[in-house]
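Participant: This is coords20.cif (mmCIF, C-alpha atoms).
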```
data_entry
#
loop_
_atom_site.label_atom_id
_atom_site.label_comp_id
_atom_site.auth_asym_id
_atom_site.auth_seq_id
_atom_site.Cartn_x
_atom_site.Cartn_y
_atom_site.Cartn_z
CA MET A 1 -157.39 -103.66 76.00
CA ARG A 2 -153.75 -102.73 75.44
CA HIS A 3 -154.65 -99.07 75.94
CA LEU A 4 -156.21 -99.86 79.31
CA ALA A 5 -153.06 -101.69 80.37
CA LEU A 6 -150.95 -98.70 79.36
CA ALA A 7 -153.27 -96.32 81.12
CA GLY A 8 -153.19 -98.50 84.22
CA ALA A 9 -149.43 -98.36 84.27
CA ALA A 10 -149.40 -94.64 83.57
CA MET A 11 -151.81 -93.71 86.31
CA ALA A 12 -149.74 -95.46 88.96
CA ILE A 13 -147.61 -92.36 89.23
CA LEU A 14 -149.40 -89.20 88.23
CA VAL A 15 -146.89 -86.50 88.77
CA SER A 16 -143.62 -88.34 88.97
CA SER A 17 -141.70 -90.10 86.27
CA GLY A 18 -140.81 -93.68 87.13
CA ALA A 19 -138.77 -94.08 90.29
CA MET A 20 -136.96 -90.80 89.70
CA ALA A 21 -137.68 -87.96 92.08
CA GLN A 22 -139.36 -84.88 90.72
CA THR A 23 -137.46 -81.67 90.38
CA ASN A 24 -138.36 -78.88 92.77
CA ALA A 25 -139.96 -76.97 89.90
CA ALA A 26 -142.16 -79.95 89.01
CA ARG A 27 -143.16 -80.43 92.65
CA GLU A 28 -144.07 -76.77 92.94
CA ALA A 29 -146.08 -76.91 89.71
CA ALA A 30 -147.95 -79.98 90.97
CA ARG A 31 -148.66 -78.25 94.30
CA ALA A 32 -149.95 -75.18 92.48
CA ASN A 33 -152.12 -77.39 90.26
CA PHE A 34 -153.51 -79.13 93.34
CA GLY A 35 -154.40 -75.77 94.89
CA GLN A 36 -156.10 -74.57 91.72
CA ALA A 37 -158.01 -77.83 91.29
CA ASP A 38 -159.19 -77.75 94.92
CA VAL A 39 -162.06 -75.44 94.02
CA ASN A 40 -163.76 -75.51 97.42
CA GLY A 41 -160.49 -75.18 99.35
CA ASP A 42 -161.04 -78.17 101.62
CA GLY A 43 -157.53 -79.53 101.09
CA LYS A 44 -158.62 -82.63 99.19
CA LEU A 45 -159.76 -83.41 95.67
CA SER A 46 -163.13 -84.82 94.67
CA ARG A 47 -163.32 -86.86 91.48
CA ARG A 48 -164.17 -83.73 89.49
CA GLU A 49 -161.35 -81.76 91.08
CA PHE A 50 -158.95 -84.67 90.57
CA ARG A 51 -159.72 -84.63 86.86
CA MET A 52 -158.86 -80.92 86.76
CA PHE A 53 -155.63 -81.68 88.65
CA VAL A 54 -154.62 -84.38 86.16
CA ASN A 55 -155.45 -82.13 83.22
CA ALA A 56 -153.38 -79.28 84.67
CA ASN A 57 -150.45 -81.64 85.25
CA ALA A 58 -150.82 -82.93 81.69
CA GLU A 59 -150.76 -79.36 80.36
CA ASP A 60 -147.56 -78.77 82.32
CA GLY A 61 -146.02 -82.01 81.05
CA LEU A 62 -145.72 -83.46 84.54
CA GLY A 63 -145.12 -87.18 84.92
CA GLN A 64 -147.60 -89.50 83.31
CA ALA A 65 -150.65 -87.25 83.65
CA GLY A 66 -150.75 -86.78 79.89
CA MET A 67 -151.14 -90.49 79.37
CA VAL A 68 -153.92 -90.69 81.96
CA ARG A 69 -155.70 -87.88 80.10
CA ARG A 70 -155.02 -89.39 76.68
CA PHE A 71 -156.60 -92.71 77.64
CA SER A 72 -159.27 -91.08 79.79
CA ALA A 73 -158.17 -93.23 82.73
CA TYR A 74 -159.27 -90.70 85.35
CA ASP A 75 -161.48 -93.11 87.30
CA ARG A 76 -158.82 -95.79 87.44
CA ALA A 77 -156.19 -93.26 88.46
CA PHE A 78 -158.48 -91.84 91.14
CA ALA A 79 -159.19 -95.29 92.55
CA ARG A 80 -155.47 -96.06 92.65
CA VAL A 81 -154.56 -92.84 94.45
CA ASP A 82 -157.55 -92.79 96.85
CA GLN A 83 -155.93 -95.42 99.04
CA ASN A 84 -158.41 -95.22 101.91
CA GLY A 85 -161.50 -95.24 99.66
CA SER A 86 -162.82 -91.98 101.11
CA GLY A 87 -163.89 -90.65 97.73
CA PHE A 88 -161.28 -87.89 97.97
CA VAL A 89 -157.59 -87.60 97.15
CA THR A 90 -155.39 -85.89 99.73
CA PRO A 91 -151.86 -84.53 99.42
CA ALA A 92 -150.71 -87.36 101.71
CA GLU A 93 -152.18 -89.96 99.34
CA LEU A 94 -150.47 -88.31 96.37
CA SER A 95 -147.17 -88.28 98.25
CA ALA A 96 -147.56 -91.94 99.18
CA ILE A 97 -148.21 -92.99 95.58
CA GLN A 98 -145.19 -90.97 94.45
CA GLY A 99 -142.94 -92.49 97.07
CA ASP A 100 -142.15 -89.15 98.71
#
```
Could you take the file, read its structure, and then write that structure out as structure tokens?

Facilitator:
Amino acid sequence: MRHLALAGAAMAILVSSGAMAQTNAAREAARANFGQADVNGDGKLSRREFRMFVNANAEDGLGQAGMVRRFSAYDRAFARVDQNGSGFVTPAELSAIQGD
């Protein structure tokens, strides 16, 4: 149960670290990871694509993505980011969750 609580806290911000703004390099890496994960090029991420996005961010050491991956909290993270419940994550939703 403690792991789920940690994962819940970690997934709140996937590619930023706390309230601190990301560096330009980290933002660019996250944008590149989004583009690579968006396999069909529709500008939004399905659950499968979102998982690839989180994994890429974790590999790059971005934000708390590593913790989401470690605790396999992909579904909870997706639900948190998909604010309109469309079943997809958009760049606007990611920006909103990051406080950009």

Participant: Do you know which residues lie at most 9 Å from (-155.6, -83.4, 99.9), with coordinates as in the file and all atoms listed in the file counted, and could you write them as a PyMOL selection string?

Facilitator: chain A and resi 34+38+42-45+88-94

Participant: Excluding same-chain residues fewer than 3 positions from Ser46 of chain A, what lies within 12 Å of it counting all atoms listed in the file, as a list in words?

Facilitator: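 The filter keeps Phe34, Ala37, Asp38, Val39, Asn40, Gly41, Asp42, Gly43, Glu49, Phe50, Arg51, Met52, Phe53, Tyr74, Asp75, Phe78, Ala79, Val81, Asp82, Gly85, Ser86, Gly87, Phe88, Val89 and Thr90 of chain A.
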
Participant: For the atom pair atom CA of Asn57 of chain A and atom CA of Ser72 of chain A, what is the interatomic distance in Å to one decimal place?

Facilitator: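 Atom CA of Ser72 of chain A lies 14.0 Å from atom CA of Asn57 of chain A.
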